$ cat coords24.txt   # compact mmCIF, C-alpha atoms and all ligand atoms
# COMPACT_ATOMS: atom_id res chain seq x y z
CA MET M 1185 -0.85 -0.82 30.61
CA ALA M 1186 1.51 1.21 28.45
CA LYS M 1187 1.82 4.96 28.07
CA ILE M 1188 1.15 5.74 24.43
CA ALA M 1189 1.32 8.94 22.38
CA PHE M 1190 -0.85 9.11 19.27
CA ILE M 1191 -0.25 11.96 16.82
CA GLY M 1192 -2.83 12.47 14.07
CA LEU M 1193 -6.39 11.76 15.18
CA GLY M 1194 -8.11 11.92 11.80
CA THR M 1195 -10.29 9.43 9.93
CA MET M 1196 -7.90 6.57 10.71
CA GLY M 1197 -6.02 7.76 13.78
CA LEU M 1198 -9.05 8.49 15.95
CA PRO M 1199 -10.56 4.97 15.88
CA MET M 1200 -7.08 3.42 16.12
CA ALA M 1201 -6.30 5.45 19.24
CA HIS M 1202 -9.69 4.40 20.61
CA ASN M 1203 -8.84 0.73 20.12
CA LEU M 1204 -5.61 1.24 22.07
CA ILE M 1205 -7.64 2.80 24.90
CA LYS M 1206 -10.06 -0.16 24.81
CA GLY M 1207 -6.99 -2.38 25.05
CA GLY M 1208 -6.31 -0.82 28.47
CA HIS M 1209 -3.60 1.69 27.53
CA GLU M 1210 -3.19 5.32 28.48
CA VAL M 1211 -3.29 7.19 25.18
CA THR M 1212 -2.27 10.83 24.98
CA GLY M 1213 -3.30 12.26 21.65
CA PHE M 1214 -2.34 15.32 19.67
CA ASP M 1215 -3.90 16.75 16.52
CA LEU M 1216 -3.85 20.21 14.97
CA GLN M 1217 -7.66 20.16 14.98
CA ALA M 1218 -9.31 20.84 18.30
CA ALA M 1219 -12.43 18.88 17.26
CA ALA M 1220 -10.34 15.72 16.81
CA LEU M 1221 -8.84 16.12 20.29
CA GLU M 1222 -12.34 16.62 21.75
CA LYS M 1223 -13.46 13.33 20.24
CA HIS M 1224 -10.37 11.59 21.60
CA LEU M 1225 -11.11 12.98 25.08
CA SER M 1226 -14.72 11.81 24.83
CA VAL M 1227 -13.65 8.16 24.45
CA GLY M 1228 -11.29 8.21 27.41
CA GLY M 1229 -8.11 9.54 25.85
CA LYS M 1230 -5.85 12.27 27.18
CA ALA M 1231 -5.00 15.38 25.20
CA ALA M 1232 -1.68 17.16 24.82
CA LYS M 1233 -1.04 20.72 23.63
CA SER M 1234 1.70 19.67 21.24
CA ALA M 1235 3.30 16.55 19.80
CA ALA M 1236 6.37 17.31 21.92
CA GLU M 1237 4.23 17.20 25.06
CA ALA M 1238 2.34 14.06 23.98
CA VAL M 1239 5.49 11.96 23.54
CA LYS M 1240 6.97 12.74 26.97
CA GLY M 1241 7.46 9.45 28.80
CA ALA M 1242 5.60 7.45 26.13
CA GLU M 1243 6.59 3.82 25.61
CA PHE M 1244 5.05 3.84 22.13
CA VAL M 1245 4.64 6.85 19.84
CA PHE M 1246 2.22 6.40 16.95
CA THR M 1247 1.94 8.75 13.97
CA MET M 1248 -1.01 8.58 11.55
CA LEU M 1249 -0.66 11.70 9.41
CA PRO M 1250 -1.50 12.60 5.81
CA VAL M 1251 1.93 12.83 4.12
CA GLY M 1252 5.66 12.67 4.85
CA LYS M 1253 6.16 16.38 5.50
CA HIS M 1254 3.66 16.16 8.37
CA VAL M 1255 5.50 13.22 9.91
CA LYS M 1256 8.84 15.01 9.53
CA ALA M 1257 7.39 18.13 11.16
CA VAL M 1258 6.15 16.06 14.10
CA VAL M 1259 9.50 14.27 14.46
CA ASP M 1260 11.37 17.61 14.39
CA ASN M 1261 8.99 18.90 17.02
CA CYS M 1262 9.48 15.86 19.27
CA LEU M 1263 13.20 15.15 19.05
CA GLU M 1264 13.97 16.99 22.29
CA THR M 1265 11.26 15.30 24.35
CA LEU M 1266 11.32 11.79 22.88
CA SER M 1267 12.89 9.27 25.19
CA SER M 1268 15.44 6.84 23.76
CA SER M 1269 13.35 4.05 25.32
CA SER M 1270 10.34 4.96 23.14
CA LEU M 1271 9.40 2.87 20.14
CA PHE M 1272 8.22 5.10 17.28
CA ILE M 1273 5.51 3.43 15.17
CA GLU M 1274 4.93 5.31 11.90
CA MET M 1275 1.66 4.19 10.30
CA SER M 1276 0.97 6.85 7.66
CA THR M 1277 1.28 6.15 3.95
CA ILE M 1278 4.36 8.12 2.94
CA HIS M 1279 7.22 7.98 0.43
CA PRO M 1280 9.55 5.14 1.48
CA PHE M 1281 12.64 7.37 1.18
CA GLU M 1282 11.00 9.75 3.68
CA THR M 1283 10.46 6.74 5.93
CA ASP M 1284 14.21 6.02 5.69
CA GLU M 1285 15.01 9.67 6.43
CA ILE M 1286 12.77 9.67 9.51
CA ARG M 1287 14.31 6.40 10.75
CA SER M 1288 17.74 7.92 10.40
CA LEU M 1289 16.71 11.16 12.19
CA LEU M 1290 15.28 9.15 15.08
CA GLY M 1291 18.23 6.77 15.08
CA LYS M 1292 20.62 9.68 15.68
CA ARG M 1293 18.74 10.29 18.94
CA GLY M 1294 18.83 6.59 19.81
CA VAL M 1295 15.07 6.15 19.16
CA ARG M 1296 13.96 2.87 17.53
CA MET M 1297 11.34 2.90 14.83
CA ILE M 1298 9.10 0.60 12.89
CA ASP M 1299 7.20 1.59 9.75
CA ALA M 1300 3.75 0.03 9.83
CA PRO M 1301 1.37 1.50 7.24
CA VAL M 1302 -2.05 -0.06 6.94
CA GLY M 1303 -4.26 -1.56 4.29
CA ARG M 1304 -8.07 -1.65 4.17
CA THR M 1305 -10.36 1.22 5.21
CA SER M 1306 -11.51 3.41 8.08
CA GLU M 1307 -14.23 0.82 8.81
CA HIS M 1308 -11.47 -1.68 9.58
CA ALA M 1309 -9.76 0.96 11.71
CA TYR M 1310 -12.93 1.00 13.87
CA THR M 1311 -13.17 -2.76 14.15
CA GLY M 1312 -9.45 -3.26 14.79
CA SER M 1313 -9.14 -5.39 11.67
CA LEU M 1314 -6.59 -3.47 9.61
CA LEU M 1315 -3.91 -5.14 7.52
CA ILE M 1316 -0.60 -3.94 8.96
CA MET M 1317 2.50 -3.99 6.75
CA ALA M 1318 5.34 -3.86 9.22
CA GLY M 1319 8.97 -3.01 8.60
CA GLY M 1320 11.66 -3.01 11.26
CA GLU M 1321 14.11 -5.03 13.30
CA LYS M 1322 12.54 -8.30 14.46
CA THR M 1323 13.00 -7.42 18.14
CA ASN M 1324 11.14 -4.13 17.63
CA LEU M 1325 8.31 -5.87 15.75
CA GLU M 1326 7.99 -8.27 18.68
CA ILE M 1327 7.82 -5.39 21.16
CA ALA M 1328 5.15 -3.66 19.06
CA GLY M 1329 3.18 -6.89 18.50
CA PRO M 1330 0.72 -6.60 21.42
CA VAL M 1331 -0.25 -2.99 20.58
CA LEU M 1332 -0.43 -3.62 16.83
CA GLU M 1333 -2.74 -6.58 17.51
CA LEU M 1334 -5.27 -4.11 18.95
CA LEU M 1335 -5.34 -2.32 15.59
CA GLY M 1336 -5.17 -5.06 13.02
CA ASP M 1337 -6.08 -8.72 12.52
CA THR M 1338 -3.32 -9.32 9.97
CA ILE M 1339 0.22 -8.20 10.70
CA ILE M 1340 2.81 -8.99 8.05
CA ASP M 1341 6.54 -8.67 8.65
CA CYS M 1342 7.57 -7.21 5.28
CA GLY M 1343 11.26 -8.03 5.67
CA GLY M 1344 13.17 -5.32 7.45
CA PRO M 1345 13.38 -1.57 8.10
CA GLY M 1346 11.50 0.48 5.49
CA MET M 1347 9.90 -2.57 3.87
CA GLY M 1348 6.43 -1.94 5.34
CA SER M 1349 6.43 1.50 3.76
CA ARG M 1350 7.61 0.02 0.45
CA MET M 1351 5.04 -2.81 0.51
CA LYS M 1352 2.21 -0.36 1.13
CA ILE M 1353 3.15 1.73 -1.92
CA ILE M 1354 3.38 -1.32 -4.16
CA ASN M 1355 0.05 -2.67 -2.93
CA ASN M 1356 -1.72 0.62 -3.60
CA PHE M 1357 0.05 1.06 -6.94
CA LEU M 1358 -1.36 -2.20 -8.27
CA SER M 1359 -4.72 -1.74 -6.61
CA ASN M 1360 -5.06 1.73 -8.16
CA MET M 1361 -4.33 0.43 -11.66
CA ILE M 1362 -6.78 -2.43 -11.24
CA ASN M 1363 -9.38 0.11 -10.13
CA VAL M 1364 -9.02 2.13 -13.34
CA ALA M 1365 -8.77 -0.98 -15.56
CA THR M 1366 -11.92 -2.38 -13.92
CA ALA M 1367 -13.78 0.87 -14.53
CA GLU M 1368 -12.76 0.80 -18.20
CA ALA M 1369 -13.76 -2.82 -18.72
CA LEU M 1370 -17.13 -2.50 -17.00
CA THR M 1371 -17.94 0.73 -18.85
CA LEU M 1372 -17.09 -0.91 -22.16
CA ALA M 1373 -19.12 -4.00 -21.20
CA GLU M 1374 -22.25 -1.91 -20.65
CA ALA M 1375 -21.60 0.29 -23.68
CA ILE M 1376 -21.62 -2.76 -25.97
CA GLY M 1377 -24.79 -4.15 -24.42
CA LEU M 1378 -23.55 -6.72 -21.92
CA ASP M 1379 -25.35 -7.24 -18.64
CA ARG M 1380 -23.00 -5.82 -16.01
CA ASN M 1381 -23.73 -8.42 -13.34
CA LEU M 1382 -23.19 -11.23 -15.77
CA ALA M 1383 -19.84 -9.70 -16.78
CA ILE M 1384 -18.81 -9.28 -13.14
CA ASN M 1385 -19.76 -12.86 -12.28
CA LEU M 1386 -17.98 -14.28 -15.29
CA MET M 1387 -14.79 -12.30 -14.78
CA SER M 1388 -14.68 -13.17 -11.09
CA GLY M 1389 -13.59 -16.61 -12.26
CA THR M 1390 -10.93 -15.56 -14.78
CA ALA M 1391 -7.52 -13.86 -14.64
CA ALA M 1392 -9.38 -10.58 -15.24
CA GLY M 1393 -11.06 -10.71 -11.85
CA LYS M 1394 -8.78 -13.02 -9.88
CA GLY M 1395 -5.58 -11.25 -10.88
CA HIS M 1396 -2.54 -12.63 -12.66
CA MET M 1397 -0.56 -13.37 -9.49
CA ALA M 1398 -3.20 -15.96 -8.59
CA THR M 1399 -3.69 -17.39 -12.06
CA THR M 1400 -1.24 -17.06 -14.95
CA TYR M 1401 2.06 -15.98 -13.34
CA PRO M 1402 2.73 -18.95 -11.01
CA ASN M 1403 2.99 -21.53 -13.80
CA LYS M 1404 4.66 -19.36 -16.38
CA VAL M 1405 6.87 -16.32 -15.86
CA LEU M 1406 7.44 -16.99 -12.13
CA LYS M 1407 8.65 -20.48 -13.08
CA ASN M 1408 10.93 -18.99 -15.70
CA ASP M 1409 8.81 -20.65 -18.39
CA LEU M 1410 7.86 -18.30 -21.20
CA SER M 1411 6.67 -20.97 -23.63
CA PRO M 1412 3.24 -19.75 -24.69
CA ALA M 1413 0.19 -20.91 -22.75
CA PHE M 1414 -1.32 -17.81 -24.33
CA MET M 1415 0.84 -16.07 -26.90
CA LEU M 1416 1.56 -12.36 -26.51
CA ASP M 1417 0.71 -11.78 -30.20
CA LEU M 1418 -2.81 -13.08 -29.52
CA ALA M 1419 -3.18 -10.99 -26.36
CA HIS M 1420 -2.15 -7.97 -28.45
CA LYS M 1421 -4.73 -8.85 -31.13
CA ASP M 1422 -7.49 -9.07 -28.48
CA GLN M 1423 -6.44 -5.82 -26.88
CA GLY M 1424 -6.62 -4.14 -30.29
CA LEU M 1425 -10.15 -5.46 -30.79
CA ALA M 1426 -11.25 -4.04 -27.44
CA VAL M 1427 -9.60 -0.65 -27.97
CA ASP M 1428 -11.16 -0.34 -31.45
CA LEU M 1429 -14.53 -1.35 -30.08
CA ALA M 1430 -14.22 1.22 -27.29
CA LYS M 1431 -13.45 3.99 -29.79
CA SER M 1432 -16.56 3.16 -31.79
CA VAL M 1433 -18.80 3.46 -28.72
CA HIS M 1434 -16.94 6.48 -27.22
CA VAL M 1435 -15.55 4.75 -24.15
CA MET M 1436 -12.24 6.06 -22.82
CA THR M 1437 -9.57 3.36 -22.40
CA PRO M 1438 -6.30 4.88 -21.16
CA MET M 1439 -5.22 1.65 -19.44
CA GLY M 1440 -6.36 -0.40 -22.40
CA THR M 1441 -4.39 1.71 -24.85
CA ILE M 1442 -1.18 1.75 -22.83
CA THR M 1443 -1.46 -2.01 -22.35
CA LYS M 1444 -1.65 -2.48 -26.11
CA GLU M 1445 1.44 -0.28 -26.46
CA VAL M 1446 3.37 -2.35 -23.90
CA TYR M 1447 2.54 -5.49 -25.90
CA GLU M 1448 3.82 -3.69 -29.02
CA LEU M 1449 7.06 -2.89 -27.21
CA ALA M 1450 7.41 -6.57 -26.33
CA GLN M 1451 6.74 -7.50 -29.97
CA SER M 1452 9.42 -5.06 -31.13
CA ARG M 1453 11.83 -6.95 -28.86
CA GLY M 1454 10.97 -10.25 -30.49
CA LEU M 1455 8.68 -11.51 -27.72
CA GLY M 1456 5.46 -11.88 -29.71
CA LYS M 1457 5.58 -15.69 -29.75
CA PHE M 1458 6.24 -15.96 -26.02
CA ASP M 1459 3.70 -16.26 -23.22
CA TRP M 1460 1.86 -12.98 -22.53
CA THR M 1461 3.30 -12.94 -18.99
CA CYS M 1462 6.71 -12.23 -20.56
CA VAL M 1463 5.96 -8.51 -20.12
CA TYR M 1464 7.03 -9.00 -16.49
CA ALA M 1465 10.32 -10.55 -17.57
CA MET M 1466 10.81 -7.69 -20.03
CA MET M 1467 10.24 -5.02 -17.38
CA ARG M 1468 12.58 -6.71 -14.89
CA GLU M 1469 15.31 -6.77 -17.49
CA GLN M 1470 14.66 -3.13 -18.39
CA ALA M 1471 15.02 -2.23 -14.69
CA GLY M 1472 18.36 -4.02 -14.51
CA ILE M 1473 17.14 -6.61 -12.02
CA LYS M 1474 19.56 -9.52 -11.98
CA ALA M 1475 18.74 -13.08 -13.06
CA PRO M 1476 16.40 -12.40 -15.98
CA LEU M 1477 13.33 -14.60 -16.24
CA GLY M 1478 13.76 -16.70 -19.36
CA LEU M 1479 14.02 -13.94 -21.95
CA PRO M 1480 15.82 -14.82 -25.19
CA LYS M 1481 19.35 -13.43 -25.51
P1 LIG M 1501 -6.98 12.51 7.84
O1 LIG M 1501 -6.67 13.70 7.00
O2 LIG M 1501 -8.40 12.15 8.10
O3 LIG M 1501 -6.25 12.66 9.26
C1 LIG M 1501 -4.98 13.19 9.43
C2 LIG M 1501 -4.97 13.98 10.72
O4 LIG M 1501 -3.64 14.45 10.95
C3 LIG M 1501 -5.90 15.22 10.69
O5 LIG M 1501 -6.79 15.16 11.77
C4 LIG M 1501 -4.91 16.39 10.79
O6 LIG M 1501 -5.43 17.49 11.52
C5 LIG M 1501 -3.74 15.74 11.51
N1 LIG M 1501 -2.47 16.43 11.34
C6 LIG M 1501 -1.89 16.88 10.20
N2 LIG M 1501 -0.69 17.42 10.46
C7 LIG M 1501 -0.49 17.32 11.79
C8 LIG M 1501 0.56 17.70 12.67
N3 LIG M 1501 1.67 18.30 12.23
N4 LIG M 1501 0.41 17.42 13.99
C9 LIG M 1501 -0.70 16.81 14.45
N5 LIG M 1501 -1.74 16.44 13.67
C10 LIG M 1501 -1.63 16.69 12.36
O7 LIG M 1501 -6.22 11.28 7.15
P2 LIG M 1501 -6.50 9.72 7.36
O8 LIG M 1501 -7.58 9.26 6.41
O9 LIG M 1501 -6.63 9.42 8.82
O10 LIG M 1501 -5.14 9.10 6.80
C11 LIG M 1501 -3.94 9.11 7.55
C12 LIG M 1501 -2.91 8.27 6.79
O11 LIG M 1501 -3.40 6.93 6.63
C13 LIG M 1501 -2.64 8.80 5.37
O12 LIG M 1501 -1.28 8.71 5.09
C14 LIG M 1501 -3.50 7.89 4.50
O13 LIG M 1501 -2.99 7.79 3.19
C15 LIG M 1501 -3.41 6.56 5.26
N6 LIG M 1501 -4.53 5.63 5.04
C16 LIG M 1501 -5.82 6.10 5.01
C17 LIG M 1501 -6.87 5.19 4.80
C18 LIG M 1501 -8.30 5.66 4.78
O14 LIG M 1501 -9.18 4.85 4.42
N7 LIG M 1501 -8.61 6.88 5.17
C19 LIG M 1501 -6.60 3.82 4.62
C20 LIG M 1501 -5.27 3.37 4.67
C21 LIG M 1501 -4.24 4.30 4.90
$ encode --input "coords24.txt" --output "structure tokens"
Amino acid sequence: MAKIAFIGLGTMGLPMAHNLIKGGHEVTGFDLQAAALEKHLSVGGKAAKSAAEAVKGAEFVFTMLPVGKHVKAVVDNCLETLSSSSLFIEMSTIHPFETDEIRSLLGKRGVRMIDAPVGRTSEHAYTGSLLIMAGGEKTNLEIAGPVLELLGDTIIDCGGPGMGSRMKIINNFLSNMINVATAEALTLAEAIGLDRNLAINLMSGTAAGKGHMATTYPNKVLKNDLSPAFMLDLAHKDQGLAVDLAKSVHVMTPMGTITKEVYELAQSRGLGKFDWTCVYAMMREQAGIKAPLGLPK
């Protein structure tokens, strides 16, 4: 049994702390809201009057707070009482540079840290089946392993300190854009008379629903092969058809329009006859990432 401090007993933190209790640990919680602490007490947790008090003598210190400024406030509050033998496990979704700042603050006091934000939802927090994106020194990830396993069924070592925090942002970035693009496509589908379920079923089997990382990218741009399986000029033509169609039936298409513009940028750089996945190669080059992927000189 380990002594654990858990700061931030909200939608996610409360069930996560409960799973640690069910795993046989002594979990002292702290939250600014008295109601959250009451709930934590009711499932066998202990309550502290401050974060500084909660972390005293804790082997593991978890934070599950809304944004970076909350985590920084908690760290500031705890620096005096944190023991250098504690492992700080930061699980909130925060800016990766704030993660780095917090690691450095803790490091100055000799406290080790892993960043371990989570994927999935509060339902998975209840069932202990979160996706945990972990960043830290391998030895620290190993130490945290048994407690993280009580919270998630998939724990991915993202490749070093700060990389869990970075992976989480990238995952949500793409997921958010797919959310909006999906809403646009399904709205347009209905507006032009398609049966929505039919459209969903059909697109579940194409790049539209399966995603490009699972379909087009592996054999083309990721292999440094930009010979056209599907030419960017044709993708641009199709996107134009959809955007025009959407205008005529009053469907908003912000993602659709910007996508067409990105294809036009690629065309202006002479990439129209290349595979449509060349937009990835173009963006890498624009970002100054070394070893360009097959773009013409
Ligand atoms: P929440 O707002 O429900 O809970 C946050 C808790 O932190 C609240 O109870 C609040 O009182 C407490 N808090 C704030 N500042 C504090 C402080 N200084 N000291 C102590 N307690 C403090 O948020 P949530 O949904 O549990 O999300 C927490 C983090 O997890 C966020 O970064 C969120 O983006 C991320 N996340 C949420 C979900 C989700 O489905 N809700 C999924 C994945 C990741």
$ closest_residue --input "coords24.txt" --among "M:Val1433, M:Met1347, M:Leu1358, M:Leu1418" --to "Glu1374 of chain M" --atoms "only C-alpha atoms"
M:Val1433
$ atom_distance --input "coords24.txt" --atom1 "atom CA of His1279 of chain M" --atom2 "atom CA of Tyr1401 of chain M"
28.1 Å
$ closest_atom_pairs --input "coords24.txt" --of "chain M" --to "ligand LIG 1501 (chain M)" --cutoff "6 Å" --atoms "only C-alpha atoms and all ligand atoms" --output "JSON lines"
{"residue": "M:Ile1191", "atom": "CA", "partner": "M:LIG1501", "partner_atom": "C9", "distance": 5.4}
{"residue": "M:Gly1192", "atom": "CA", "partner": "M:LIG1501", "partner_atom": "O4", "distance": 3.8}
{"residue": "M:Leu1193", "atom": "CA", "partner": "M:LIG1501", "partner_atom": "O5", "distance": 4.8}
{"residue": "M:Gly1194", "atom": "CA", "partner": "M:LIG1501", "partner_atom": "O3", "distance": 3.2}
{"residue": "M:Thr1195", "atom": "CA", "partner": "M:LIG1501", "partner_atom": "O2", "distance": 3.8}
{"residue": "M:Met1196", "atom": "CA", "partner": "M:LIG1501", "partner_atom": "O9", "distance": 3.6}
{"residue": "M:Gly1197", "atom": "CA", "partner": "M:LIG1501", "partner_atom": "O9", "distance": 5.3}
{"residue": "M:Phe1214", "atom": "CA", "partner": "M:LIG1501", "partner_atom": "C9", "distance": 5.7}
{"residue": "M:Asp1215", "atom": "CA", "partner": "M:LIG1501", "partner_atom": "N5", "distance": 3.6}
{"residue": "M:Leu1216", "atom": "CA", "partner": "M:LIG1501", "partner_atom": "N5", "distance": 4.5}
{"residue": "M:Gln1217", "atom": "CA", "partner": "M:LIG1501", "partner_atom": "O6", "distance": 4.9}
{"residue": "M:Met1248", "atom": "CA", "partner": "M:LIG1501", "partner_atom": "C11", "distance": 5.0}
{"residue": "M:Leu1249", "atom": "CA", "partner": "M:LIG1501", "partner_atom": "O4", "distance": 4.3}
{"residue": "M:Pro1250", "atom": "CA", "partner": "M:LIG1501", "partner_atom": "O12", "distance": 4.0}
{"residue": "M:Val1251", "atom": "CA", "partner": "M:LIG1501", "partner_atom": "O12", "distance": 5.3}
{"residue": "M:His1254", "atom": "CA", "partner": "M:LIG1501", "partner_atom": "N3", "distance": 4.8}
{"residue": "M:Ala1257", "atom": "CA", "partner": "M:LIG1501", "partner_atom": "N3", "distance": 5.8}
{"residue": "M:Val1258", "atom": "CA", "partner": "M:LIG1501", "partner_atom": "N3", "distance": 5.3}
{"residue": "M:Ser1276", "atom": "CA", "partner": "M:LIG1501", "partner_atom": "O12", "distance": 3.9}
{"residue": "M:Thr1277", "atom": "CA", "partner": "M:LIG1501", "partner_atom": "O12", "distance": 3.8}
{"residue": "M:Val1302", "atom": "CA", "partner": "M:LIG1501", "partner_atom": "C20", "distance": 5.2}
{"residue": "M:Gly1303", "atom": "CA", "partner": "M:LIG1501", "partner_atom": "C20", "distance": 5.0}
{"residue": "M:Arg1304", "atom": "CA", "partner": "M:LIG1501", "partner_atom": "C19", "distance": 5.7}
{"residue": "M:Thr1305", "atom": "CA", "partner": "M:LIG1501", "partner_atom": "O14", "distance": 3.9}
{"residue": "M:Ser1306", "atom": "CA", "partner": "M:LIG1501", "partner_atom": "O14", "distance": 4.6}
$ write_last_selection --input "coords24.txt" --atoms "C-alpha atoms" --output "mmCIF file, keeping the file's coordinate frame"
data_model
loop_
_atom_site.group_PDB
_atom_site.id
_atom_site.type_symbol
_atom_site.label_atom_id
_atom_site.label_comp_id
_atom_site.auth_asym_id
_atom_site.auth_seq_id
_atom_site.Cartn_x
_atom_site.Cartn_y
_atom_site.Cartn_z
ATOM 1 C CA ILE M 1191 -0.250 11.960 16.820
ATOM 2 C CA GLY M 1192 -2.830 12.470 14.070
ATOM 3 C CA LEU M 1193 -6.390 11.760 15.180
ATOM 4 C CA GLY M 1194 -8.110 11.920 11.800
ATOM 5 C CA THR M 1195 -10.290 9.430 9.930
ATOM 6 C CA MET M 1196 -7.900 6.570 10.710
ATOM 7 C CA GLY M 1197 -6.020 7.760 13.780
ATOM 8 C CA PHE M 1214 -2.340 15.320 19.670
ATOM 9 C CA ASP M 1215 -3.900 16.750 16.520
ATOM 10 C CA LEU M 1216 -3.850 20.210 14.970
ATOM 11 C CA GLN M 1217 -7.660 20.160 14.980
ATOM 12 C CA MET M 1248 -1.010 8.580 11.550
ATOM 13 C CA LEU M 1249 -0.660 11.700 9.410
ATOM 14 C CA PRO M 1250 -1.500 12.600 5.810
ATOM 15 C CA VAL M 1251 1.930 12.830 4.120
ATOM 16 C CA HIS M 1254 3.660 16.160 8.370
ATOM 17 C CA ALA M 1257 7.390 18.130 11.160
ATOM 18 C CA VAL M 1258 6.150 16.060 14.100
ATOM 19 C CA SER M 1276 0.970 6.850 7.660
ATOM 20 C CA THR M 1277 1.280 6.150 3.950
ATOM 21 C CA VAL M 1302 -2.050 -0.060 6.940
ATOM 22 C CA GLY M 1303 -4.260 -1.560 4.290
ATOM 23 C CA ARG M 1304 -8.070 -1.650 4.170
ATOM 24 C CA THR M 1305 -10.360 1.220 5.210
ATOM 25 C CA SER M 1306 -11.510 3.410 8.080
#
$ atom_distance --input "coords24.txt" --atom1 "atom CA of Ala1426 of chain M" --atom2 "atom CA of Thr1441 of chain M"
9.3 Å
$ closest_residue --input "coords24.txt" --among "M:Gly1336, M:Gly1348, M:Gly1343, M:Gly1456" --to "Asp1299 of chain M" --atoms "all atoms listed in the file"
M:Gly1348
$ residues_near_point --input "coords24.txt" --point "(2.0, 8.8, 22.5)" --cutoff "12 Å" --atoms "only C-alpha atoms" --output "NGL selection string"
:M and (1186-1193 or 1197 or 1201 or 1204-1205 or 1209-1215 or 1229-1232 or 1234-1248 or 1258 or 1262 or 1265-1267 or 1270-1274)
$ closest_residue --input "coords24.txt" --among "M:Asp1409, M:Asp1284, M:Glu1448, M:Glu1321" --to "Thr1461 of chain M" --atoms "only C-alpha atoms"
M:Asp1409
$ closest_residue --input "coords24.txt" --among "M:Gly1252, M:Asp1459, M:Pro1199, M:Thr1323" --to "Asn1403 of chain M" --atoms "all atoms listed in the file"
M:Asp1459
$ closest_residue --input "coords24.txt" --among "M:Met1439, M:Val1331, M:Ile1354, M:Leu1314" --to "Lys1206 of chain M" --atoms "all atoms listed in the file"
M:Val1331
$ atom_distance --input "coords24.txt" --atom1 "atom CA of Met1317 of chain M" --atom2 "atom CA of Cys1342 of chain M"
6.2 Å
$ axis_aligned_box --input "coords24.txt" --around "segment 1258-1274 of chain M" --padding-each-side "5 Å" --output "JSON"
{"center_x": 10.2, "center_y": 10.9, "center_z": 18.6, "size_x": 20.5, "size_y": 26.0, "size_z": 23.4}
$ residues_around --input "coords24.txt" --residues "Arg1287 of chain M" --least-positions-apart "4" --cutoff "7 Å" --atoms "all atoms listed in the file" --output "list in words"
Thr1283, Gly1291 and Met1297 of chain M
$ residues_around --input "coords24.txt" --residues "Phe1281 of chain M" --least-positions-apart "4" --cutoff "9 Å" --atoms "all atoms listed in the file" --output "list in words"
Glu1285, Ile1286, Gly1346, Ser1349 and Arg1350 of chain M
$ closest_residue --input "coords24.txt" --among "M:Leu1263, M:Lys1407, M:Gly1319, M:Leu1332" --to "Gly1294 of chain M" --atoms "all atoms listed in the file"
M:Leu1263
